[in-house]
Amino acid sequence: MNAHAATQLLLDARTSGLLLDWRRLAVGDAATAYAVQDAQLLRLGPVGGWKVGSKGEGMEPACSPLPASGMLAAGVELSGPQWRIRGLEAELALRVGRDFDPGDALPSREELLGVFDAVLPAIEVVETRLGPAPCGNPWAAMADLQSHGALVLGTPLPMPAAAPDLRAISASLSLDGKEVARMTGGNPAADVWAMLAWLARHCARRRMPLKKGQIVTTGSCTGVQHARPGMKVEAVLDGIGAVAFSFGD
């Protein structure tokens with residue numbers, strides 16, 4: 001299946017609200033999945049940020065651009081049939097403080113500290129256009145913007161003098177005031193600066209370099225939790241801040 005056909009299937013699923021059988025989305029490698037991501041963003045609007053994550057130290061990360069339309073301020077209420085799964089991940093996000101194109105070089109941590117100007121708590125809402133669960137094709141899931149639904153953002157905090165280490169951050173997630181998850185070190189623990197260096201070079205190679213004001217989110221700090229309609233959701237990242245929103249009935 002070519003990237004154009006896969007893109008159209010995913011966009012049709014978004015428009016119709018009907019799940020697309022993942023077995024119809026014959027995406028067979030990362031290059032095709034990333035091409036499908038790019039083609040969707042041409043239709044969904046400008047890139048407001050990126051999500052990047054890794055399965056563990058020494059493993060190549062994976063990423064997806066995020067539509068600016070899905071970057072939401074804390075306090076929002078999410079209602080409508082598109083919120084089926086209502087998956088939730090508390091995450092550390094960083095704000096890009098200046099345009100940055102490292103070309104084919106892998107930037108150092110010190111260089112990146114001059115690129116990002118703030119950190120902030122975030123909750124990624126996990127949704128998918130694919131069914132039935134579980135999706136048996138990881139490239140199809142990657143093409144589906146890595147199951148991204150929305151990113152709810154807390155208040156930015158100027159980049160601390162001691163740059164944050166994802167492996168040391170403690171985070172909690174609560175539903176209707178009841179804590180349902182608390183972890184230290186991410187899920188799984190990974191060096192955030194190594195992931196960010198990979199992402200910066202990857203974006204440059206994709207001819208979509210990081211832009212001032214974009215938000216980069218760095219993977220789950222609490223694992224995926226699930227809410228029911230009508231619930232209030234709150235995440236707290238110790239030393240970073242809190243962010244909350246709710247789902248409509």
# chains A, B, ... in the order shown; residues from 1 in each chain; ligands from 1

$ residues_around --residues "Trp83 in chain A" --least-positions-apart "4" --cutoff "10 Å" --atoms "only C-alpha atoms" --output "compact mmCIF listing (two decimals) with N, CA and C atoms, in the first residue's frame"
# COMPACT_ATOMS: atom_id res chain seq x y z
N GLY A 17 -15.70 8.86 11.88
CA GLY A 17 -15.81 8.41 13.25
C GLY A 17 -15.85 6.90 13.38
N LEU A 78 -13.44 17.71 27.18
CA LEU A 78 -13.45 16.97 25.93
C LEU A 78 -14.74 16.16 25.83
N SER A 79 -15.53 16.48 24.82
CA SER A 79 -16.81 15.81 24.62
C SER A 79 -16.94 15.39 23.17
N GLY A 87 -7.71 7.06 26.78
CA GLY A 87 -6.44 6.70 27.39
C GLY A 87 -5.71 7.94 27.86
N VAL A 125 -3.86 12.49 25.61
CA VAL A 125 -5.07 11.68 25.50
C VAL A 125 -4.84 10.70 24.35
N VAL A 126 -4.85 9.43 24.67
CA VAL A 126 -4.56 8.39 23.70
C VAL A 126 -5.85 7.96 23.02
N GLU A 127 -5.87 8.10 21.71
CA GLU A 127 -6.99 7.63 20.90
C GLU A 127 -6.42 6.99 19.63
N THR A 128 -7.22 6.17 18.99
CA THR A 128 -6.77 5.53 17.77
C THR A 128 -7.89 5.52 16.76
N GLY A 149 -4.45 11.53 20.42
CA GLY A 149 -5.75 12.17 20.38
C GLY A 149 -5.67 13.66 20.64
N ALA A 150 -5.02 14.03 21.73
CA ALA A 150 -4.85 15.44 22.10
C ALA A 150 -3.74 15.53 23.13
N ARG A 228 -13.51 7.24 32.40
CA ARG A 228 -14.88 7.09 31.93
C ARG A 228 -15.45 8.47 31.61
N PRO A 229 -16.53 8.52 30.83
CA PRO A 229 -17.15 9.82 30.56
C PRO A 229 -17.49 10.54 31.86
N PHE A 247 -13.58 15.08 31.00
CA PHE A 247 -14.36 14.56 29.89
C PHE A 247 -15.82 14.88 30.14
N GLY A 248 -16.53 15.22 29.08
CA GLY A 248 -17.96 15.44 29.18
C GLY A 248 -18.69 14.11 29.35

$ residues_around --residues "range 183-197 of chain A" --least-positions-apart "5" --cutoff "6 Å" --atoms "only C-alpha atoms" --output "JSON list (two decimals) with all heavy atoms, in the first residue's frame"
[["chain", "number", "residue", "atom", "x", "y", "z"],
["A", 56, "GLY", "N", 13.46, 1.89, 25.64],
["A", 56, "GLY", "CA", 14.50, 1.66, 26.63],
["A", 56, "GLY", "C", 15.82, 2.25, 26.20],
["A", 56, "GLY", "O", 15.99, 2.68, 25.05],
["A", 57, "GLU", "N", 16.76, 2.30, 27.12],
["A", 57, "GLU", "CA", 18.08, 2.85, 26.84],
["A", 57, "GLU", "C", 18.72, 2.11, 25.67],
["A", 57, "GLU", "O", 18.68, 0.88, 25.59],
["A", 57, "GLU", "CB", 18.98, 2.75, 28.07],
["A", 57, "GLU", "CG", 18.48, 3.53, 29.28],
["A", 57, "GLU", "CD", 18.62, 5.04, 29.10],
["A", 57, "GLU", "OE1", 19.17, 5.48, 28.08],
["A", 57, "GLU", "OE2", 18.18, 5.77, 30.00],
["A", 106, "LEU", "N", 24.15, 15.17, 15.35],
["A", 106, "LEU", "CA", 23.41, 14.82, 16.56],
["A", 106, "LEU", "C", 23.78, 15.84, 17.63],
["A", 106, "LEU", "O", 24.92, 15.86, 18.10],
["A", 106, "LEU", "CB", 23.78, 13.41, 17.01],
["A", 106, "LEU", "CG", 22.87, 12.76, 18.05],
["A", 106, "LEU", "CD1", 21.48, 12.49, 17.46],
["A", 106, "LEU", "CD2", 23.48, 11.45, 18.55],
["A", 107, "PRO", "N", 22.86, 16.72, 18.01],
["A", 107, "PRO", "CA", 23.22, 17.79, 18.95],
["A", 107, "PRO", "C", 23.53, 17.26, 20.34],
["A", 107, "PRO", "O", 23.00, 16.23, 20.77],
["A", 107, "PRO", "CB", 21.99, 18.68, 18.96],
["A", 107, "PRO", "CG", 20.87, 17.79, 18.52],
["A", 107, "PRO", "CD", 21.46, 16.80, 17.58],
["A", 109, "ARG", "N", 23.72, 17.57, 24.58],
["A", 109, "ARG", "CA", 22.79, 18.01, 25.64],
["A", 109, "ARG", "C", 22.97, 19.51, 25.89],
["A", 109, "ARG", "O", 21.98, 20.23, 26.05],
["A", 109, "ARG", "CB", 23.07, 17.21, 26.91],
["A", 109, "ARG", "CG", 22.35, 17.72, 28.15],
["A", 109, "ARG", "CD", 22.60, 16.82, 29.32],
["A", 109, "ARG", "NE", 22.17, 17.43, 30.56],
["A", 109, "ARG", "CZ", 21.76, 16.75, 31.64],
["A", 109, "ARG", "NH1", 21.72, 15.43, 31.59],
["A", 109, "ARG", "NH2", 21.40, 17.36, 32.73],
["A", 166, "LEU", "N", 14.31, 12.63, 33.04],
["A", 166, "LEU", "CA", 13.07, 11.85, 33.02],
["A", 166, "LEU", "C", 13.15, 10.66, 33.96],
["A", 166, "LEU", "O", 12.14, 10.25, 34.55],
["A", 166, "LEU", "CB", 12.78, 11.39, 31.59],
["A", 166, "LEU", "CG", 11.43, 10.72, 31.32],
["A", 166, "LEU", "CD1", 10.30, 11.70, 31.59],
["A", 166, "LEU", "CD2", 11.35, 10.21, 29.88],
["A", 167, "ARG", "N", 14.34, 10.13, 34.12],
["A", 167, "ARG", "CA", 14.51, 8.94, 34.96],
["A", 167, "ARG", "C", 14.35, 9.24, 36.45],
["A", 167, "ARG", "O", 14.24, 8.32, 37.25],
["A", 167, "ARG", "CB", 15.88, 8.32, 34.70],
["A", 167, "ARG", "CG", 16.03, 7.78, 33.28],
["A", 167, "ARG", "CD", 17.48, 7.49, 32.92],
["A", 167, "ARG", "NE", 18.29, 8.71, 32.93],
["A", 167, "ARG", "CZ", 19.55, 8.75, 32.48],
["A", 167, "ARG", "NH1", 20.11, 7.66, 32.00],
["A", 167, "ARG", "NH2", 20.22, 9.88, 32.51],
["A", 168, "ALA", "N", 14.33, 10.53, 36.81],
["A", 168, "ALA", "CA", 14.22, 10.91, 38.22],
["A", 168, "ALA", "C", 12.90, 11.59, 38.56],
["A", 168, "ALA", "O", 12.65, 11.90, 39.72],
["A", 168, "ALA", "CB", 15.39, 11.82, 38.60],
["A", 169, "ILE", "N", 12.07, 11.83, 37.56],
["A", 169, "ILE", "CA", 10.81, 12.55, 37.79],
["A", 169, "ILE", "C", 9.75, 11.62, 38.36],
["A", 169, "ILE", "O", 9.51, 10.53, 37.83],
["A", 169, "ILE", "CB", 10.32, 13.20, 36.49],
["A", 169, "ILE", "CG1", 11.24, 14.36, 36.11],
["A", 169, "ILE", "CG2", 8.88, 13.69, 36.63],
["A", 169, "ILE", "CD1", 10.88, 15.03, 34.82],
["A", 170, "SER", "N", 9.10, 12.07, 39.42],
["A", 170, "SER", "CA", 7.96, 11.34, 39.99],
["A", 170, "SER", "C", 6.68, 11.98, 39.49],
["A", 170, "SER", "O", 6.54, 13.21, 39.50],
["A", 170, "SER", "CB", 8.00, 11.37, 41.52],
["A", 170, "SER", "OG", 9.10, 10.64, 42.00],
["A", 171, "ALA", "N", 5.75, 11.14, 39.03],
["A", 171, "ALA", "CA", 4.50, 11.65, 38.47],
["A", 171, "ALA", "C", 3.34, 10.82, 38.98],
["A", 171, "ALA", "O", 3.47, 9.63, 39.27],
["A", 171, "ALA", "CB", 4.55, 11.59, 36.95],
["A", 220, "SER", "N", 5.31, 8.47, 28.32],
["A", 220, "SER", "CA", 4.51, 8.34, 29.53],
["A", 220, "SER", "C", 5.36, 8.27, 30.80],
["A", 220, "SER", "O", 6.35, 7.55, 30.87],
["A", 220, "SER", "CB", 3.64, 7.09, 29.44],
["A", 220, "SER", "OG", 2.90, 6.92, 30.62],
["A", 221, "CYS", "N", 4.93, 9.01, 31.81],
["A", 221, "CYS", "CA", 5.51, 8.92, 33.14],
["A", 221, "CYS", "C", 4.67, 8.03, 34.06],
["A", 221, "CYS", "O", 5.08, 7.79, 35.21],
["A", 221, "CYS", "CB", 5.63, 10.31, 33.76],
["A", 221, "CYS", "SG", 6.83, 11.39, 32.95],
["A", 222, "THR", "N", 3.51, 7.59, 33.60],
["A", 222, "THR", "CA", 2.60, 6.84, 34.49],
["A", 222, "THR", "C", 2.02, 5.59, 33.84],
["A", 222, "THR", "O", 1.18, 4.93, 34.44],
["A", 222, "THR", "CB", 1.41, 7.73, 34.90],
["A", 222, "THR", "OG1", 0.77, 8.25, 33.72],
["A", 222, "THR", "CG2", 1.87, 8.88, 35.77],
["A", 223, "GLY", "N", 2.44, 5.26, 32.62],
["A", 223, "GLY", "CA", 1.75, 4.21, 31.89],
["A", 223, "GLY", "C", 0.40, 4.73, 31.42],
["A", 223, "GLY", "O", 0.00, 5.85, 31.74]]

$ residues_around --residues "Ala161 in chain A" --least-positions-apart "5" --cutoff "12 Å" --atoms "only C-alpha atoms" --output "ChimeraX atom specification"
/A:110,113-114,117-119

$ write_last_selection --atoms "N, CA, C and O atoms" --output "compact mmCIF listing (two decimals), in the first residue's frame"
# COMPACT_ATOMS: atom_id res chain seq x y z
N GLU A 110 24.22 19.97 25.91
CA GLU A 110 24.48 21.40 26.17
C GLU A 110 23.85 22.26 25.08
O GLU A 110 23.30 23.34 25.36
N LEU A 113 20.08 22.43 25.57
CA LEU A 113 19.67 23.28 26.68
C LEU A 113 19.47 24.72 26.23
O LEU A 113 18.75 25.48 26.88
N GLY A 114 20.08 25.10 25.12
CA GLY A 114 19.86 26.42 24.56
C GLY A 114 18.73 26.47 23.56
O GLY A 114 18.40 27.54 23.04
N ASP A 117 13.28 26.29 26.17
CA ASP A 117 13.28 27.35 27.16
C ASP A 117 12.34 27.13 28.33
O ASP A 117 12.31 27.93 29.27
N ALA A 118 11.53 26.05 28.29
CA ALA A 118 10.59 25.81 29.38
C ALA A 118 10.21 24.34 29.43
O ALA A 118 10.32 23.61 28.44
N VAL A 119 9.79 23.90 30.61
CA VAL A 119 9.22 22.58 30.80
C VAL A 119 7.80 22.76 31.31
O VAL A 119 7.46 23.79 31.90

$ closest_residue --among "A:Cys63, A:Leu145, A:Leu175, A:Ala162" --to "His226 in chain A" --atoms "only C-alpha atoms"
A:Leu175

$ select_by_dssp --residues "range 21-89 of chain A" --states "strand (DSSP E)" --output "short mmCIF file (atom, residue, chain, number, x, y, z; two decimals) with all heavy atoms, in the first residue's frame"
data_model
loop_
_atom_site.label_atom_id
_atom_site.label_comp_id
_atom_site.auth_asym_id
_atom_site.auth_seq_id
_atom_site.Cartn_x
_atom_site.Cartn_y
_atom_site.Cartn_z
N ASP A 21 -10.20 -0.99 10.19
CA ASP A 21 -9.58 -2.28 10.49
C ASP A 21 -8.09 -2.16 10.18
O ASP A 21 -7.70 -1.92 9.03
CB ASP A 21 -10.22 -3.37 9.65
CG ASP A 21 -9.80 -4.78 10.07
OD1 ASP A 21 -8.62 -4.95 10.47
OD2 ASP A 21 -10.61 -5.70 9.96
N VAL A 47 1.97 21.86 12.28
CA VAL A 47 2.57 21.08 13.36
C VAL A 47 2.70 21.97 14.59
O VAL A 47 3.34 23.02 14.55
CB VAL A 47 3.96 20.55 12.94
CG1 VAL A 47 4.63 19.84 14.11
CG2 VAL A 47 3.84 19.62 11.74
N GLY A 48 2.05 21.54 15.68
CA GLY A 48 2.15 22.29 16.93
C GLY A 48 3.17 21.72 17.87
O GLY A 48 3.55 22.36 18.85
N GLY A 49 3.64 20.51 17.57
CA GLY A 49 4.61 19.87 18.45
C GLY A 49 4.95 18.47 17.96
O GLY A 49 4.56 18.07 16.86
N TRP A 50 5.65 17.76 18.81
CA TRP A 50 6.08 16.39 18.50
C TRP A 50 5.95 15.53 19.75
O TRP A 50 6.09 16.02 20.87
CB TRP A 50 7.54 16.38 18.05
CG TRP A 50 7.77 17.04 16.73
CD1 TRP A 50 7.91 18.38 16.48
CD2 TRP A 50 7.86 16.40 15.46
NE1 TRP A 50 8.08 18.61 15.15
CE2 TRP A 50 8.07 17.41 14.49
CE3 TRP A 50 7.80 15.07 15.04
CZ2 TRP A 50 8.21 17.13 13.14
CZ3 TRP A 50 7.95 14.78 13.70
CH2 TRP A 50 8.15 15.80 12.76
N LYS A 51 5.69 14.25 19.53
CA LYS A 51 5.83 13.28 20.61
C LYS A 51 6.97 12.36 20.25
O LYS A 51 7.15 11.97 19.10
CB LYS A 51 4.53 12.50 20.84
CG LYS A 51 4.05 11.65 19.68
CD LYS A 51 2.75 10.93 20.00
CE LYS A 51 2.93 9.83 21.02
NZ LYS A 51 1.69 9.04 21.24
N VAL A 52 7.77 12.04 21.26
CA VAL A 52 8.90 11.14 21.05
C VAL A 52 8.98 10.21 22.26
O VAL A 52 8.69 10.61 23.39
CB VAL A 52 10.22 11.92 20.86
CG1 VAL A 52 10.58 12.75 22.09
CG2 VAL A 52 11.37 10.98 20.49
N GLY A 53 9.34 8.98 22.01
CA GLY A 53 9.46 8.02 23.09
C GLY A 53 10.41 6.91 22.70
O GLY A 53 10.76 6.74 21.53
N ALA A 62 10.99 6.57 18.60
CA ALA A 62 10.00 6.76 17.53
C ALA A 62 9.27 8.04 17.83
O ALA A 62 9.22 8.50 18.99
CB ALA A 62 9.03 5.58 17.47
N CYS A 63 8.67 8.64 16.80
CA CYS A 63 8.06 9.96 17.02
C CYS A 63 6.87 10.17 16.09
O CYS A 63 6.61 9.38 15.18
CB CYS A 63 9.08 11.07 16.80
SG CYS A 63 9.60 11.26 15.08
N SER A 64 6.17 11.26 16.35
CA SER A 64 5.08 11.70 15.49
C SER A 64 4.90 13.19 15.62
O SER A 64 4.99 13.73 16.74
CB SER A 64 3.76 11.01 15.86
OG SER A 64 2.69 11.53 15.09
N PRO A 65 4.63 13.90 14.53
CA PRO A 65 4.21 15.30 14.64
C PRO A 65 2.81 15.37 15.22
O PRO A 65 2.00 14.44 15.06
CB PRO A 65 4.23 15.79 13.19
CG PRO A 65 4.02 14.56 12.37
CD PRO A 65 4.64 13.44 13.13
N LEU A 66 2.51 16.46 15.92
CA LEU A 66 1.21 16.65 16.55
C LEU A 66 0.52 17.87 15.95
O LEU A 66 1.11 18.95 15.88
CB LEU A 66 1.37 16.86 18.06
CG LEU A 66 2.17 15.78 18.80
CD1 LEU A 66 2.24 16.14 20.29
CD2 LEU A 66 1.58 14.40 18.59
N PRO A 67 -0.74 17.73 15.54
CA PRO A 67 -1.45 18.89 14.99
C PRO A 67 -1.63 19.99 16.04
O PRO A 67 -1.96 19.71 17.20
CB PRO A 67 -2.81 18.31 14.58
CG PRO A 67 -2.62 16.83 14.52
CD PRO A 67 -1.56 16.51 15.52
N MET A 71 -3.48 20.72 20.52
CA MET A 71 -2.73 21.19 21.68
C MET A 71 -3.66 22.07 22.49
O MET A 71 -4.02 23.19 22.07
CB MET A 71 -1.50 21.97 21.23
CG MET A 71 -0.71 21.31 20.11
SD MET A 71 0.21 19.85 20.62
CE MET A 71 1.64 20.62 21.31
N LEU A 72 -4.08 21.61 23.66
CA LEU A 72 -5.17 22.24 24.40
C LEU A 72 -4.70 22.73 25.76
O LEU A 72 -3.83 22.13 26.40
CB LEU A 72 -6.31 21.24 24.58
CG LEU A 72 -6.79 20.55 23.28
CD1 LEU A 72 -7.81 19.47 23.62
CD2 LEU A 72 -7.37 21.57 22.32
N ALA A 73 -5.30 23.81 26.21
CA ALA A 73 -4.97 24.37 27.51
C ALA A 73 -5.66 23.60 28.63
O ALA A 73 -6.76 23.05 28.45
CB ALA A 73 -5.38 25.85 27.57
N GLU A 77 -12.79 20.82 28.49
CA GLU A 77 -13.68 19.66 28.59
C GLU A 77 -13.73 19.00 27.22
O GLU A 77 -14.04 19.65 26.22
CB GLU A 77 -15.08 20.05 29.03
CG GLU A 77 -16.02 18.84 29.14
CD GLU A 77 -17.41 19.21 29.62
OE1 GLU A 77 -17.59 19.40 30.83
OE2 GLU A 77 -18.32 19.30 28.76
N LEU A 78 -13.44 17.71 27.18
CA LEU A 78 -13.45 16.97 25.93
C LEU A 78 -14.74 16.16 25.83
O LEU A 78 -15.01 15.30 26.67
CB LEU A 78 -12.24 16.03 25.86
CG LEU A 78 -10.87 16.69 25.97
CD1 LEU A 78 -9.76 15.66 25.81
CD2 LEU A 78 -10.72 17.81 24.95
N GLY A 87 -7.71 7.06 26.78
CA GLY A 87 -6.44 6.70 27.39
C GLY A 87 -5.71 7.94 27.86
O GLY A 87 -5.83 9.01 27.27
N LEU A 88 -4.95 7.82 28.92
CA LEU A 88 -4.31 8.97 29.56
C LEU A 88 -2.88 8.65 29.93
O LEU A 88 -2.60 7.59 30.51
CB LEU A 88 -5.08 9.36 30.83
CG LEU A 88 -6.58 9.65 30.65
CD1 LEU A 88 -7.29 9.60 31.99
CD2 LEU A 88 -6.78 11.00 29.97
N GLU A 89 -1.98 9.57 29.63
CA GLU A 89 -0.59 9.44 30.03
C GLU A 89 -0.09 10.78 30.56
O GLU A 89 -0.18 11.80 29.86
CB GLU A 89 0.29 9.03 28.84
CG GLU A 89 -0.04 7.66 28.28
CD GLU A 89 0.85 7.28 27.11
OE1 GLU A 89 1.45 8.19 26.49
OE2 GLU A 89 0.94 6.08 26.81
#

$ closest_residue --among "A:Arg129, A:Leu210, A:Asp165, A:Asp249" --to "Trp198 in chain A" --atoms "only C-alpha atoms"
A:Leu210

$ atom_distance --atom1 "CA of Gly219 in chain A" --atom2 "CA of Glu91 in chain A"
5.9 Å

$ closest_residue --among "A:Ala244, A:Ala5, A:Val36, A:Ala141" --to "Ala74 in chain A" --atoms "only C-alpha atoms"
A:Ala244

$ residues_around --residues "Lys211 in chain A" --least-positions-apart "4" --cutoff "8 Å" --atoms "only C-alpha atoms" --output "list in words"
Val96, Gly97, Arg98, Asp99 and Phe100 of chain A

$ write_last_selection --atoms "all heavy atoms" --output "mmCIF file, in the first residue's frame"
data_model
loop_
_atom_site.group_PDB
_atom_site.id
_atom_site.type_symbol
_atom_site.label_atom_id
_atom_site.label_comp_id
_atom_site.auth_asym_id
_atom_site.auth_seq_id
_atom_site.Cartn_x
_atom_site.Cartn_y
_atom_site.Cartn_z
ATOM 1 N N VAL A 96 9.968 24.566 22.726
ATOM 2 C CA VAL A 96 11.077 24.983 21.876
ATOM 3 C C VAL A 96 11.184 26.508 21.936
ATOM 4 O O VAL A 96 10.219 27.221 21.648
ATOM 5 C CB VAL A 96 10.865 24.509 20.425
ATOM 6 C CG1 VAL A 96 12.032 24.942 19.545
ATOM 7 C CG2 VAL A 96 10.686 22.990 20.371
ATOM 8 N N GLY A 97 12.353 27.008 22.326
ATOM 9 C CA GLY A 97 12.535 28.443 22.498
ATOM 10 C C GLY A 97 13.064 29.162 21.275
ATOM 11 O O GLY A 97 12.996 30.394 21.199
ATOM 12 N N ARG A 98 13.587 28.415 20.295
ATOM 13 C CA ARG A 98 14.082 29.033 19.062
ATOM 14 C C ARG A 98 14.080 27.993 17.953
ATOM 15 O O ARG A 98 14.134 26.786 18.216
ATOM 16 C CB ARG A 98 15.498 29.580 19.254
ATOM 17 C CG ARG A 98 16.568 28.528 19.560
ATOM 18 C CD ARG A 98 17.932 29.174 19.690
ATOM 19 N NE ARG A 98 18.985 28.227 20.058
ATOM 20 C CZ ARG A 98 19.708 27.530 19.182
ATOM 21 N NH1 ARG A 98 19.462 27.632 17.883
ATOM 22 N NH2 ARG A 98 20.662 26.711 19.603
ATOM 23 N N ASP A 99 13.973 28.454 16.733
ATOM 24 C CA ASP A 99 14.071 27.542 15.603
ATOM 25 C C ASP A 99 15.401 26.806 15.677
ATOM 26 O O ASP A 99 16.440 27.400 15.999
ATOM 27 C CB ASP A 99 13.990 28.291 14.271
ATOM 28 C CG ASP A 99 12.619 28.918 14.029
ATOM 29 O OD1 ASP A 99 11.714 28.719 14.869
ATOM 30 O OD2 ASP A 99 12.460 29.606 13.003
ATOM 31 N N PHE A 100 15.365 25.510 15.346
ATOM 32 C CA PHE A 100 16.590 24.716 15.490
ATOM 33 C C PHE A 100 16.663 23.665 14.394
ATOM 34 O O PHE A 100 15.789 22.817 14.273
ATOM 35 C CB PHE A 100 16.624 24.038 16.858
ATOM 36 C CG PHE A 100 17.885 23.257 17.111
ATOM 37 C CD1 PHE A 100 19.125 23.878 17.066
ATOM 38 C CD2 PHE A 100 17.835 21.898 17.393
ATOM 39 C CE1 PHE A 100 20.292 23.166 17.300
ATOM 40 C CE2 PHE A 100 18.996 21.181 17.639
ATOM 41 C CZ PHE A 100 20.230 21.817 17.589
#

$ residues_around --residues "Asn2 in chain A" --least-positions-apart "3" --cutoff "8 Å" --atoms "only C-alpha atoms" --output "list in words"
Ala5, Ala6, Val27 and Thr32 of chain A

$ select_by_dssp --residues "range 15-246 of chain A" --states "helix (DSSP H, G or I)" --output "number ranges by chain"
A: 15-16, 22-24, 30-44, 68-70, 109-113, 138-143, 145-147, 166-168, 192-205

$ atom_distance --atom1 "CA of Leu130 in chain A" --atom2 "CA of Leu19 in chain A"
5.2 Å

$ closest_residue --among "A:Asp29, A:Gly80, A:Ile85, A:Asp38" --to "Thr7 in chain A" --atoms "only C-alpha atoms"
A:Asp38

$ atom_distance --atom1 "CA of Leu173 in chain A" --atom2 "CA of Gly131 in chain A"
26.3 Å

$ residues_around --residues "Leu94 in chain A" --least-positions-apart "5" --cutoff "9 Å" --atoms "only C-alpha atoms" --output "ChimeraX atom specification"
/A:116-121,156,159,214-218

$ write_last_selection --atoms "N, CA and C atoms" --output "CSV table (one decimal), in the first residue's frame"
chain,number,residue,atom,x,y,z
A,116,PHE,N,15.6,24.6,24.1
A,116,PHE,CA,14.3,24.5,24.9
A,116,PHE,C,14.4,25.5,26.0
A,117,ASP,N,13.3,26.3,26.2
A,117,ASP,CA,13.3,27.4,27.2
A,117,ASP,C,12.3,27.1,28.3
A,118,ALA,N,11.5,26.1,28.3
A,118,ALA,CA,10.6,25.8,29.4
A,118,ALA,C,10.2,24.3,29.4
A,119,VAL,N,9.8,23.9,30.6
A,119,VAL,CA,9.2,22.6,30.8
A,119,VAL,C,7.8,22.8,31.3
A,120,LEU,N,7.0,21.8,31.1
A,120,LEU,CA,5.6,21.9,31.5
A,120,LEU,C,5.0,20.5,31.7
A,121,PRO,N,4.0,20.4,32.6
A,121,PRO,CA,3.3,19.1,32.7
A,121,PRO,C,2.3,19.0,31.6
A,156,PRO,N,3.8,26.6,31.7
A,156,PRO,CA,5.2,26.4,31.5
A,156,PRO,C,6.0,27.0,32.7
A,159,MET,N,13.0,26.8,32.0
A,159,MET,CA,13.9,25.6,32.1
A,159,MET,C,14.8,25.7,33.4
A,214,GLN,N,6.9,25.3,19.4
A,214,GLN,CA,6.4,24.0,19.4
A,214,GLN,C,6.6,23.3,20.8
A,215,ILE,N,5.8,22.3,21.1
A,215,ILE,CA,5.9,21.6,22.3
A,215,ILE,C,6.3,20.1,22.0
A,216,VAL,N,7.3,19.7,22.7
A,216,VAL,CA,7.8,18.3,22.6
A,216,VAL,C,7.4,17.5,23.8
A,217,THR,N,6.7,16.4,23.7
A,217,THR,CA,6.4,15.6,24.8
A,217,THR,C,7.1,14.3,24.7
A,218,THR,N,7.5,13.7,25.9
A,218,THR,CA,8.6,12.8,25.9
A,218,THR,C,8.3,11.4,26.4
